[in-house]
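Asks: Okay, so here is run-v7.cif, and as you'll see once you scroll down, it has mmCIF, C-alpha atoms.
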```
data_work
#
loop_
_atom_site.label_atom_id
_atom_site.label_comp_id
_atom_site.auth_asym_id
_atom_site.auth_seq_id
_atom_site.Cartn_x
_atom_site.Cartn_y
_atom_site.Cartn_z
CA MET A 1 77.88 52.25 91.36
CA ALA A 2 75.77 55.39 91.65
CA ILE A 3 76.18 58.30 89.23
CA LEU A 4 75.16 61.86 90.20
CA ASP A 5 74.63 64.45 87.45
CA VAL A 6 75.10 68.06 88.58
CA LYS A 7 73.40 70.10 85.83
CA GLY A 8 75.65 68.65 83.18
CA ASP A 9 78.74 70.38 84.58
CA ALA A 10 80.20 67.60 86.70
CA PHE A 11 79.73 63.91 87.39
CA CYS A 12 80.72 62.25 90.65
CA ILE A 13 80.91 58.46 90.53
CA LEU A 14 80.49 57.29 94.11
CA ALA A 15 81.06 53.89 95.69
CA GLY A 16 77.88 51.93 96.27
CA PHE A 17 76.37 51.51 99.73
CA ALA A 18 73.90 49.27 101.52
CA GLY A 19 72.15 49.12 104.86
CA GLN A 20 69.96 51.42 106.92
CA MET A 21 72.66 53.26 108.92
CA PRO A 22 73.54 56.86 107.90
CA VAL A 23 76.36 56.98 105.38
CA ASN A 24 79.24 59.04 106.80
CA TYR A 25 81.89 58.51 104.17
CA PHE A 26 82.10 58.02 100.42
CA ALA A 27 85.39 57.45 98.63
CA THR A 28 85.28 59.13 95.22
CA THR A 29 86.65 56.71 92.67
CA SER A 30 86.67 58.98 89.63
CA LEU A 31 85.59 62.38 88.38
CA ARG A 32 84.69 63.87 85.02
CA ALA A 33 83.87 67.51 84.23
CA SER A 34 82.47 69.32 81.19
CA ARG A 35 84.50 71.72 79.10
CA THR A 36 82.51 74.74 80.31
CA VAL A 37 82.98 74.37 84.08
CA THR A 38 84.88 77.32 85.66
CA SER A 39 84.88 76.34 89.34
CA LEU A 40 85.56 72.90 90.80
CA LYS A 41 85.35 72.17 94.52
CA LEU A 42 86.60 68.82 95.77
CA TRP A 43 85.77 69.14 99.42
CA THR A 44 84.31 67.68 102.58
CA LYS A 45 80.78 67.80 103.95
CA THR A 46 79.26 68.12 100.49
CA ALA A 47 75.55 67.38 100.79
CA LEU A 48 74.30 65.10 98.01
CA ARG A 49 70.77 63.94 97.40
CA PRO A 50 70.55 61.12 94.84
CA LYS A 51 67.03 60.20 93.81
CA GLY A 52 65.22 58.22 96.47
CA MET A 53 67.58 59.10 99.31
CA THR A 54 66.21 60.79 102.45
CA ALA A 55 69.29 61.01 104.70
CA ALA A 56 71.41 63.13 102.38
CA ALA A 57 72.68 65.33 105.20
CA HIS A 58 74.72 62.39 106.49
CA ILE A 59 76.61 61.82 103.25
CA ARG A 60 80.02 63.43 103.03
CA VAL A 61 82.47 63.29 100.17
CA HIS A 62 86.13 63.10 101.23
CA PHE A 63 87.96 63.44 97.92
CA ASN A 64 91.49 62.07 98.10
CA GLN A 65 92.33 60.67 94.68
CA SER A 66 95.17 61.53 92.34
CA LEU A 67 94.41 63.96 89.51
CA GLU A 68 97.15 62.49 87.35
CA GLY A 69 95.64 61.58 84.01
CA VAL A 70 92.47 63.60 84.72
CA LEU A 71 91.68 66.07 81.94
CA LEU A 72 90.63 69.24 83.73
CA PRO A 73 88.63 71.63 81.51
CA ALA A 74 90.57 74.43 79.82
CA SER A 75 88.01 76.94 81.11
CA LEU A 76 88.72 76.12 84.79
CA GLN A 77 89.58 79.20 86.89
CA THR A 78 89.13 77.97 90.49
CA LEU A 79 90.28 74.68 92.04
CA TYR A 80 89.35 74.01 95.68
CA PHE A 81 90.48 70.90 97.57
CA GLY A 82 88.74 69.78 100.76
CA CYS A 83 90.23 68.68 104.06
CA LYS A 84 91.09 65.06 103.11
CA PHE A 85 92.97 65.71 99.86
CA ASN A 86 96.68 64.88 100.13
CA GLN A 87 97.88 63.80 96.71
CA SER A 88 100.90 65.06 94.82
CA LEU A 89 100.26 67.38 91.87
CA GLN A 90 103.42 66.28 90.11
CA GLY A 91 102.49 65.11 86.64
CA VAL A 92 99.07 66.80 86.85
CA SER A 93 98.22 69.11 83.97
CA LEU A 94 96.67 72.23 85.47
CA PRO A 95 94.63 74.38 83.04
CA ALA A 96 96.38 77.45 81.64
CA ARG A 97 93.52 79.76 82.76
CA LEU A 98 93.54 78.65 86.40
CA GLN A 99 93.55 81.68 88.73
CA THR A 100 92.87 80.22 92.21
CA ILE A 101 94.13 77.10 94.01
CA THR A 102 93.05 76.41 97.60
CA PHE A 103 94.38 73.40 99.50
CA GLY A 104 92.53 71.93 102.47
CA GLN A 105 93.59 70.92 105.95
CA ASN A 106 95.49 67.66 105.25
CA TYR A 107 97.44 68.66 102.15
CA ASN A 108 101.19 68.33 102.76
CA GLN A 109 102.89 67.59 99.45
CA SER A 110 105.87 69.39 97.97
CA LEU A 111 105.22 71.66 94.98
CA GLN A 112 108.70 71.06 93.62
CA GLY A 113 108.32 69.88 90.04
CA VAL A 114 104.69 71.03 89.89
CA SER A 115 103.91 73.26 86.93
CA LEU A 116 101.74 76.06 88.29
CA PRO A 117 99.88 77.96 85.54
CA GLU A 118 101.16 81.40 84.55
CA SER A 119 97.64 82.74 85.13
CA LEU A 120 97.60 81.80 88.85
CA GLN A 121 96.76 84.76 91.12
CA PHE A 122 95.69 83.19 94.45
CA LEU A 123 97.47 80.32 96.24
CA THR A 124 96.28 79.19 99.70
CA PHE A 125 97.66 76.36 101.83
CA GLY A 126 95.81 74.65 104.68
CA ARG A 127 96.68 73.68 108.23
CA CYS A 128 99.08 70.75 107.65
CA PHE A 129 101.20 72.09 104.79
CA ASN A 130 104.83 72.31 105.88
CA GLN A 131 107.03 71.87 102.83
CA SER A 132 109.92 74.07 101.76
CA MET A 133 109.21 76.49 98.91
CA GLN A 134 112.81 76.38 97.73
CA GLY A 135 112.91 75.15 94.16
CA VAL A 136 109.20 75.87 93.65
CA SER A 137 108.47 77.98 90.59
CA LEU A 138 105.82 80.49 91.62
CA PRO A 139 104.12 82.15 88.62
CA GLU A 140 104.81 85.82 87.93
CA SER A 141 101.04 86.39 87.96
CA LEU A 142 100.69 85.42 91.66
CA GLN A 143 99.15 88.20 93.76
CA ILE A 144 98.12 86.55 97.06
CA LEU A 145 100.11 83.83 98.87
CA THR A 146 98.69 82.46 102.14
CA PHE A 147 100.32 79.83 104.35
CA GLY A 148 98.40 77.88 106.98
CA TYR A 149 98.92 76.88 110.60
CA GLY A 150 101.78 74.40 110.19
CA PHE A 151 104.11 76.11 107.69
CA ASN A 152 107.51 76.83 109.23
CA HIS A 153 110.22 77.02 106.58
CA SER A 154 112.59 79.84 105.76
CA LEU A 155 111.94 81.84 102.59
CA GLN A 156 115.63 82.45 102.02
CA GLY A 157 116.42 81.39 98.49
CA VAL A 158 112.73 81.43 97.51
CA SER A 159 111.92 83.55 94.48
CA LEU A 160 108.75 85.48 95.28
CA PRO A 161 106.99 86.86 92.18
CA GLU A 162 107.27 90.59 91.50
CA SER A 163 103.47 90.71 91.17
CA LEU A 164 102.88 89.55 94.79
CA GLN A 165 100.64 91.94 96.73
CA SER A 166 99.75 89.96 99.89
CA LEU A 167 101.88 87.53 101.93
CA THR A 168 100.35 85.85 105.01
CA PHE A 169 102.04 83.44 107.40
CA GLY A 170 100.18 81.13 109.79
CA TYR A 171 100.51 80.20 113.44
CA SER A 172 103.81 78.25 113.36
CA PHE A 173 106.03 80.37 111.11
CA ASN A 174 109.07 81.65 113.00
CA HIS A 175 111.93 82.41 110.65
CA SER A 176 113.80 85.65 110.11
CA LEU A 177 113.17 87.56 106.89
CA GLN A 178 116.74 88.81 106.78
CA GLY A 179 118.11 87.94 103.38
CA VAL A 180 114.62 87.37 101.95
CA SER A 181 113.85 89.45 98.88
CA LEU A 182 110.32 90.78 99.32
CA PRO A 183 108.75 91.97 96.05
CA GLU A 184 108.43 95.73 95.51
CA SER A 185 104.74 95.17 94.70
CA LEU A 186 103.96 93.79 98.20
CA GLN A 187 101.17 95.73 99.93
CA SER A 188 100.21 93.48 102.87
CA LEU A 189 102.50 91.44 105.15
CA THR A 190 100.93 89.41 107.99
CA PHE A 191 102.71 87.25 110.57
CA GLY A 192 101.03 84.63 112.74
CA TYR A 193 101.21 83.77 116.43
CA SER A 194 104.75 82.35 116.70
CA PHE A 195 106.79 84.88 114.72
CA ASN A 196 109.34 86.57 116.97
CA HIS A 197 112.30 87.86 114.96
CA SER A 198 113.63 91.37 114.77
CA LEU A 199 112.86 93.39 111.65
CA GLN A 200 116.27 95.04 111.80
CA GLY A 201 118.02 94.48 108.52
CA VAL A 202 114.81 93.38 106.80
CA SER A 203 114.11 95.30 103.62
CA LEU A 204 110.40 96.08 103.75
CA PRO A 205 109.11 97.07 100.29
CA ALA A 206 108.35 100.74 99.62
CA SER A 207 104.85 99.69 98.48
CA LEU A 208 103.89 98.08 101.84
CA GLN A 209 100.61 99.42 103.23
CA ILE A 210 99.63 96.85 105.90
CA LEU A 211 101.99 95.28 108.48
CA THR A 212 100.57 92.87 111.06
CA LEU A 213 102.91 91.42 113.69
CA GLY A 214 101.70 88.32 115.52
CA SER A 215 101.11 87.56 119.18
CA ARG A 216 104.66 86.59 120.22
CA PHE A 217 106.48 89.40 118.41
CA ASN A 218 108.35 91.47 120.99
CA HIS A 219 111.22 93.32 119.36
CA SER A 220 111.94 97.02 119.35
CA LEU A 221 111.14 99.01 116.23
CA GLN A 222 113.95 101.43 117.07
CA GLY A 223 117.31 101.38 115.40
CA GLY A 224 117.68 99.58 112.12
CA VAL A 225 113.97 99.03 111.44
CA SER A 226 112.83 101.10 108.48
CA LEU A 227 109.05 101.30 108.18
CA PRO A 228 108.06 102.11 104.57
CA ALA A 229 106.76 105.60 103.79
CA SER A 230 103.66 103.98 102.23
CA LEU A 231 102.59 102.14 105.44
CA GLN A 232 98.96 102.82 106.40
CA ILE A 233 98.04 100.12 108.97
CA LEU A 234 100.35 98.88 111.76
CA THR A 235 99.13 96.14 114.12
CA LEU A 236 101.35 95.08 117.02
CA GLY A 237 100.66 91.72 118.67
CA THR A 238 99.91 90.52 122.19
CA LEU A 239 103.44 90.47 123.69
CA PHE A 240 104.83 93.64 122.09
CA ASN A 241 105.95 95.98 124.86
CA HIS A 242 108.58 98.41 123.60
CA SER A 243 108.57 102.19 123.62
CA LEU A 244 107.90 103.97 120.34
CA GLN A 245 110.15 106.88 121.27
CA GLY A 246 112.65 107.31 118.49
CA VAL A 247 110.65 105.12 116.10
CA GLY A 248 110.07 106.74 112.72
CA LEU A 249 106.36 106.24 112.15
CA PRO A 250 105.56 106.96 108.48
CA GLU A 251 103.56 110.09 107.67
CA SER A 252 101.17 107.90 105.66
CA LEU A 253 100.14 105.87 108.75
CA GLN A 254 96.37 105.84 109.32
CA SER A 255 95.88 103.12 111.96
CA VAL A 256 97.97 101.89 114.92
CA THR A 257 96.76 99.01 117.11
CA PHE A 258 98.62 97.89 120.24
CA GLY A 259 98.27 94.42 121.76
CA HIS A 260 97.59 93.15 125.26
CA CYS A 261 100.98 93.84 126.90
CA PHE A 262 101.92 97.29 125.56
CA ASN A 263 102.30 99.73 128.45
CA HIS A 264 104.59 102.62 127.52
CA SER A 265 103.92 106.33 127.61
CA LEU A 266 103.38 108.09 124.29
CA GLN A 267 105.00 111.27 125.55
CA GLY A 268 107.77 112.15 123.15
CA VAL A 269 106.33 109.87 120.46
CA SER A 270 105.71 111.61 117.15
CA LEU A 271 102.32 110.39 115.93
CA PRO A 272 101.82 110.99 112.19
CA ALA A 273 99.48 113.79 111.12
CA SER A 274 97.61 111.27 108.93
CA LEU A 275 96.63 108.98 111.87
CA ARG A 276 92.89 108.23 112.00
CA SER A 277 92.63 105.29 114.42
CA LEU A 278 94.54 104.67 117.68
CA THR A 279 93.72 101.52 119.68
CA PHE A 280 95.33 100.50 122.98
CA GLY A 281 95.31 96.98 124.40
CA TYR A 282 94.52 95.61 127.84
CA SER A 283 97.61 96.76 129.79
CA PHE A 284 98.07 100.36 128.64
CA ASN A 285 97.69 102.72 131.60
CA HIS A 286 99.51 105.99 130.98
CA SER A 287 98.16 109.52 130.99
CA LEU A 288 97.76 111.25 127.63
CA GLN A 289 98.63 114.62 129.12
CA GLY A 290 101.45 116.07 127.08
CA VAL A 291 100.76 113.68 124.19
CA SER A 292 100.12 115.39 120.87
CA LEU A 293 97.19 113.58 119.28
CA PRO A 294 96.99 114.19 115.52
CA ALA A 295 94.33 116.57 114.22
CA SER A 296 93.19 113.81 111.82
CA LEU A 297 92.35 111.28 114.59
CA GLN A 298 88.81 109.88 114.25
CA SER A 299 88.81 106.85 116.60
CA LEU A 300 90.42 106.53 120.07
CA THR A 301 89.99 103.24 121.97
CA PHE A 302 91.40 102.48 125.43
CA GLY A 303 91.94 98.99 126.84
CA HIS A 304 90.69 97.64 130.14
CA SER A 305 93.54 98.88 132.39
CA PHE A 306 93.43 102.55 131.39
CA ASN A 307 92.27 104.72 134.29
CA HIS A 308 93.55 108.28 133.90
CA SER A 309 91.62 111.52 133.76
CA LEU A 310 91.31 113.23 130.38
CA GLN A 311 91.37 116.66 131.97
CA GLY A 312 94.15 118.61 130.34
CA VAL A 313 94.20 116.25 127.36
CA SER A 314 93.60 117.93 124.01
CA LEU A 315 91.22 115.69 122.06
CA PRO A 316 91.31 116.40 118.30
CA GLU A 317 88.33 118.19 116.76
CA SER A 318 88.14 115.38 114.17
CA LEU A 319 87.44 112.67 116.82
CA GLN A 320 84.27 110.68 116.08
CA ILE A 321 84.60 107.57 118.31
CA LEU A 322 85.78 107.54 121.94
CA THR A 323 85.74 104.20 123.79
CA PHE A 324 86.85 103.56 127.39
CA GLY A 325 87.76 100.18 128.86
CA TYR A 326 86.86 98.15 131.92
CA HIS A 327 88.63 100.14 134.69
CA PHE A 328 88.10 103.74 133.55
CA ASN A 329 86.30 105.67 136.28
CA HIS A 330 86.99 109.40 136.02
CA SER A 331 84.58 112.30 135.67
CA LEU A 332 84.39 114.03 132.29
CA GLN A 333 83.70 117.40 133.88
CA GLY A 334 86.17 119.85 132.46
CA VAL A 335 87.03 117.55 129.55
CA GLY A 336 86.60 119.18 126.15
CA LEU A 337 84.73 116.61 124.06
CA PRO A 338 85.10 117.41 120.34
CA GLU A 339 82.06 118.73 118.46
CA SER A 340 82.61 115.97 115.87
CA LEU A 341 82.11 113.13 118.42
CA GLN A 342 79.47 110.60 117.30
CA SER A 343 80.02 107.64 119.67
CA LEU A 344 80.89 107.69 123.40
CA THR A 345 81.21 104.34 125.22
CA PHE A 346 81.88 103.72 128.91
CA CYS A 347 82.62 100.27 130.28
CA TYR A 348 82.26 98.31 133.51
CA HIS A 349 83.50 100.60 136.34
CA PHE A 350 82.48 104.08 135.14
CA ASN A 351 80.09 105.64 137.64
CA HIS A 352 80.17 109.44 137.46
CA SER A 353 77.36 111.89 136.86
CA LEU A 354 77.25 113.64 133.49
CA GLN A 355 75.82 116.78 135.01
CA GLY A 356 78.04 119.65 133.99
CA VAL A 357 79.49 117.61 131.10
CA SER A 358 79.02 119.21 127.69
CA LEU A 359 77.98 116.44 125.30
CA PRO A 360 78.60 117.37 121.64
CA GLU A 361 75.62 118.12 119.41
CA SER A 362 76.95 115.53 116.92
CA LEU A 363 76.67 112.61 119.41
CA GLN A 364 74.62 109.69 118.04
CA SER A 365 75.45 106.82 120.43
CA LEU A 366 75.92 106.95 124.23
CA THR A 367 76.67 103.71 126.12
CA PHE A 368 77.06 103.24 129.88
CA GLY A 369 78.56 100.15 131.53
CA TYR A 370 77.68 97.83 134.38
CA HIS A 371 78.14 100.14 137.40
CA PHE A 372 76.68 103.42 136.12
CA ASN A 373 73.85 104.51 138.40
CA HIS A 374 73.32 108.26 138.14
CA SER A 375 70.22 110.20 137.18
CA LEU A 376 70.20 111.94 133.80
CA GLN A 377 68.08 114.75 135.18
CA GLY A 378 69.80 118.00 134.39
CA VAL A 379 71.94 116.34 131.71
CA SER A 380 71.57 117.91 128.29
CA LEU A 381 71.31 115.01 125.86
CA PRO A 382 72.06 116.12 122.28
CA GLU A 383 69.19 116.21 119.79
CA SER A 384 71.34 114.11 117.44
CA LEU A 385 71.33 111.13 119.87
CA GLN A 386 69.91 107.95 118.29
CA SER A 387 71.05 105.18 120.68
CA LEU A 388 71.15 105.21 124.51
CA THR A 389 72.34 102.13 126.45
CA PHE A 390 72.35 101.62 130.24
CA GLY A 391 74.11 98.90 132.25
CA THR A 392 72.75 96.45 134.81
CA HIS A 393 73.03 98.68 137.90
CA LEU A 394 71.00 101.64 136.66
CA ASN A 395 67.96 102.09 138.84
CA ARG A 396 67.00 105.73 138.36
CA SER A 397 63.75 107.15 137.11
CA LEU A 398 63.72 108.78 133.68
CA GLU A 399 61.06 111.22 134.83
CA GLY A 400 62.15 114.74 134.13
CA VAL A 401 64.80 113.55 131.67
CA SER A 402 64.54 115.26 128.31
CA LEU A 403 64.99 112.47 125.76
CA PRO A 404 65.94 113.65 122.25
CA ALA A 405 63.24 113.49 119.57
CA ARG A 406 65.55 111.55 117.22
CA LEU A 407 66.24 108.76 119.73
CA GLN A 408 65.63 105.40 118.02
CA ARG A 409 66.84 102.88 120.63
CA ILE A 410 67.03 102.65 124.43
CA ASN A 411 68.65 99.53 125.92
CA PHE A 412 68.39 98.52 129.58
CA TRP A 413 70.63 95.58 130.47
#
```
Mind turning this structure into structure tokens?
Replies:
Amino acid sequence: MAILDVKGDAFCILAGFAGQMPVNYFATTSLRASRTVTSLKLWTKTALRPKGMTAAAHIRVHFNQSLEGVLLPASLQTLYFGCKFNQSLQGVSLPARLQTITFGQNYNQSLQGVSLPESLQFLTFGRCFNQSMQGVSLPESLQILTFGYGFNHSLQGVSLPESLQSLTFGYSFNHSLQGVSLPESLQSLTFGYSFNHSLQGVSLPASLQILTLGSRFNHSLQGGVSLPASLQILTLGTLFNHSLQGVGLPESLQSVTFGHCFNHSLQGVSLPASLRSLTFGYSFNHSLQGVSLPASLQSLTFGHSFNHSLQGVSLPESLQILTFGYHFNHSLQGVGLPESLQSLTFCYHFNHSLQGVSLPESLQSLTFGYHFNHSLQGVSLPESLQSLTFGTHLNRSLEGVSLPARLQRINFW
């Protein structure tokens, strides 16, 4: 047997080995830790270098032994299991000061009958975990609960702690939250790829600040969906494609992000006065004429399909970032760019001269895409400009172009 001493804090007793081939796997047969250790990681791909060994990079510890009967130090605050661990924690005495438990990829054991410490704040499950949480006693101290890829059980009848601030579901979860009591302390709620249930009748906590709906979610937010007045960030997934007309967007909302499929006009949609960031996905292709953009808006990003003129569109004076997508190819002549604008980005198809376009004196970054091939002669580049990027097709001389004195970077692609 070989014994490895890690600065007196932990001892790993590893199975012996022989031969000249690289060692790819060690089975840990036992573990002892000092009373002062505060963080213990039992994981994969741990590089060890016992004395005299030269191929340490090929040694990997795949810990998968029961902790029953193991005396974990009272000072322990963090317990991290690697990808191979899949042992029950029933009968295991977890230290009273433990704050964080992270399970690896293979763990798939029920927590029923497991005594989780009252100090626990962070609980994270890996890819394979798919056990019901009914009958599991979650500590009142728990703040962050994260499920992995495989979890797909209803939370009906599960008592979520009143201290919970963040709840994250993984790829597979697809159960309604109707009848689930979400804690009033909850600030962040994130759904994964598969979730596709209406939020009608779901009581979202008044404290909720972040709501992320996954790729397959495609239900209207009209009707019986009540978005909390505290909501600040709303992210709609890939398949969402419902109008927001008649949807009560909270006045606290600061960021709205649409996914790939959304393609509805925003005319008649009441955007909150607090909104700072508005991001459209790939498919959105509606004019913003007649749309009232909030005076607080700082970032406006269009997806690849958008190809409408901004003439007649009132861009807020607070706007700092304006980004166009792949297909946009309209002149900016006659468009009132806000004096606060710091970043202006064109993408693949844009190919219009900027002569006659009034670029704001605040502009720091100007980026052209693949097809742009117009001279900048006669274009008044702001003295504030620090970064200037041209696409592949530009083949115009810069002679006679007045480059700003503050310019720090020019990129030719």
Asks: Expanded to explicit residues, what is the PyMOL selection byres ((chain A and resi 293) around 7) for this file, as a ChimeraX atom specification?
Replies: /A:271,291-292,294-295,315-316
Asks: Please write as a VMD selection string the full residue list that the PyMOL selection byres ((chain A and resi 107) around 7) yields on this file.
Replies: chain A and resid 85 to 86 103 to 106 108 to 109 126 128 to 129
Asks: How many Å separate atom CA of A:Ser277 from atom CA of A:Ser296?
Replies: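 Taking atom CA of A:Ser277 as the start and atom CA of A:Ser296 as the end point, the length is 8.9 Å.
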Asks: Using all atoms listed in the file - which residues lie no farther than 7 Å from the point (92.4, 112.6, 108.3) in the file's frame? Write them as a ChimeraX atom specification.
Replies: /A:274-276,296-297
Asks: Once 5 Å is added on each side, what are the centre and the three edge lengths, in Å to one decimal, of the axis-aligned box enclosing the listed atoms of stretch 230-249 of chain A? Present them as AutoDock Vina command-line options.
Replies:
```
--center_x 105.3 --center_y 98.9 --center_z 113.5 --size_x 24.6 --size_y 26.8 --size_z 32.6
```
Asks: Extract, using all atoms listed in the file, all DNA, RNA and protein residues at most 7 Å from A:Ser299, discarding same-chain residues fewer than 4 positions from it, and format them as a PyMOL selection string.
Replies: chain A and resi 276-278+319-322
Asks: Using all atoms listed in the file, which residues sit within 7 Å of A:Ser207 once same-chain residues fewer than 6 positions away are excluded, as a list in words?
Replies: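 Returned residues: Glu184, Ser185, Leu186, Gln187 and Ser230 of chain A.
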Asks: Once the PyMOL selection byres ((chain A and resi 309) around 9) has been applied to the shown file, what residues remain in the selection, as an NGL selection string?
Replies: :A and (287-289 or 307-308 or 310-313 or 328-332 or 335)
Asks: Measuring between only C-alpha atoms, which one of A:Gly303, A:Gly201, A:Pro117, A:Gly237 shows the shortest distance to A:Leu213?
Replies: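 For A:Leu213, the nearest of the given residues is A:Gly237.
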Asks: So how far away is atom CA of A:Leu189 from atom CA of A:Tyr171, in Å?
Replies: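 Separation between atom CA of A:Tyr171 and atom CA of A:Leu189: 14.1 Å.
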Asks: Of the residues A:Asn373, A:Ser243, A:Thr238, A:Thr323, which is the one nearest to A:His352, using all atoms listed in the file?
Replies: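 Going through A:Asn373, A:Ser243, A:Thr238, A:Thr323 one by one, the smallest distance to A:His352 is for A:Asn373.
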Asks: I'd like the neighbourhood of A:Phe122 as an MDAnalysis selection string, where a residue qualifies if any of its atoms comes within 8 Å (using all atoms listed in the file), though same-chain residues fewer than 5 positions away should be ignored.
Replies: chainID A and resid 99:102 142:145
Asks: Could you jot down the atom CA of A:Gly248 to atom CA of A:Val225 separation for me, Å, one decimal place?
Replies: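 Value for the atom CA of A:Gly248-atom CA of A:Val225 distance: 8.7 Å.
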Asks: So that I can check the surroundings of stretch 151-164 of chain A, please list as a PyMOL selection string every protein, DNA and RNA residue that reaches within 10 Å of it, counting all atoms listed in the file and ignoring chain neighbours fewer than 4 positions away.
Replies: chain A and resi 108+121-122+125-145+147+169-188+194-195
Asks: Could you please give me, as a PDB file with C-alpha atoms, in the frame of the given file, the residues of protein, DNA or RNA lying at most 9 Å from (108.0, 112.6, 120.6) in the coordinate frame of the file, considering all atoms listed in the file?
Replies:
```pdb
ATOM      1  CA  LEU A 244     107.900 103.970 120.340  1.00  0.00           C
ATOM      2  CA  GLN A 245     110.150 106.880 121.270  1.00  0.00           C
ATOM      3  CA  GLY A 246     112.650 107.310 118.490  1.00  0.00           C
ATOM      4  CA  LEU A 266     103.380 108.090 124.290  1.00  0.00           C
ATOM      5  CA  GLN A 267     105.000 111.270 125.550  1.00  0.00           C
ATOM      6  CA  GLY A 268     107.770 112.150 123.150  1.00  0.00           C
ATOM      7  CA  VAL A 269     106.330 109.870 120.460  1.00  0.00           C
ATOM      8  CA  SER A 270     105.710 111.610 117.150  1.00  0.00           C
ATOM      9  CA  LEU A 271     102.320 110.390 115.930  1.00  0.00           C
ATOM     10  CA  VAL A 291     100.760 113.680 124.190  1.00  0.00           C
ATOM     11  CA  SER A 292     100.120 115.390 120.870  1.00  0.00           C
TER      12      SER A 292
END
```
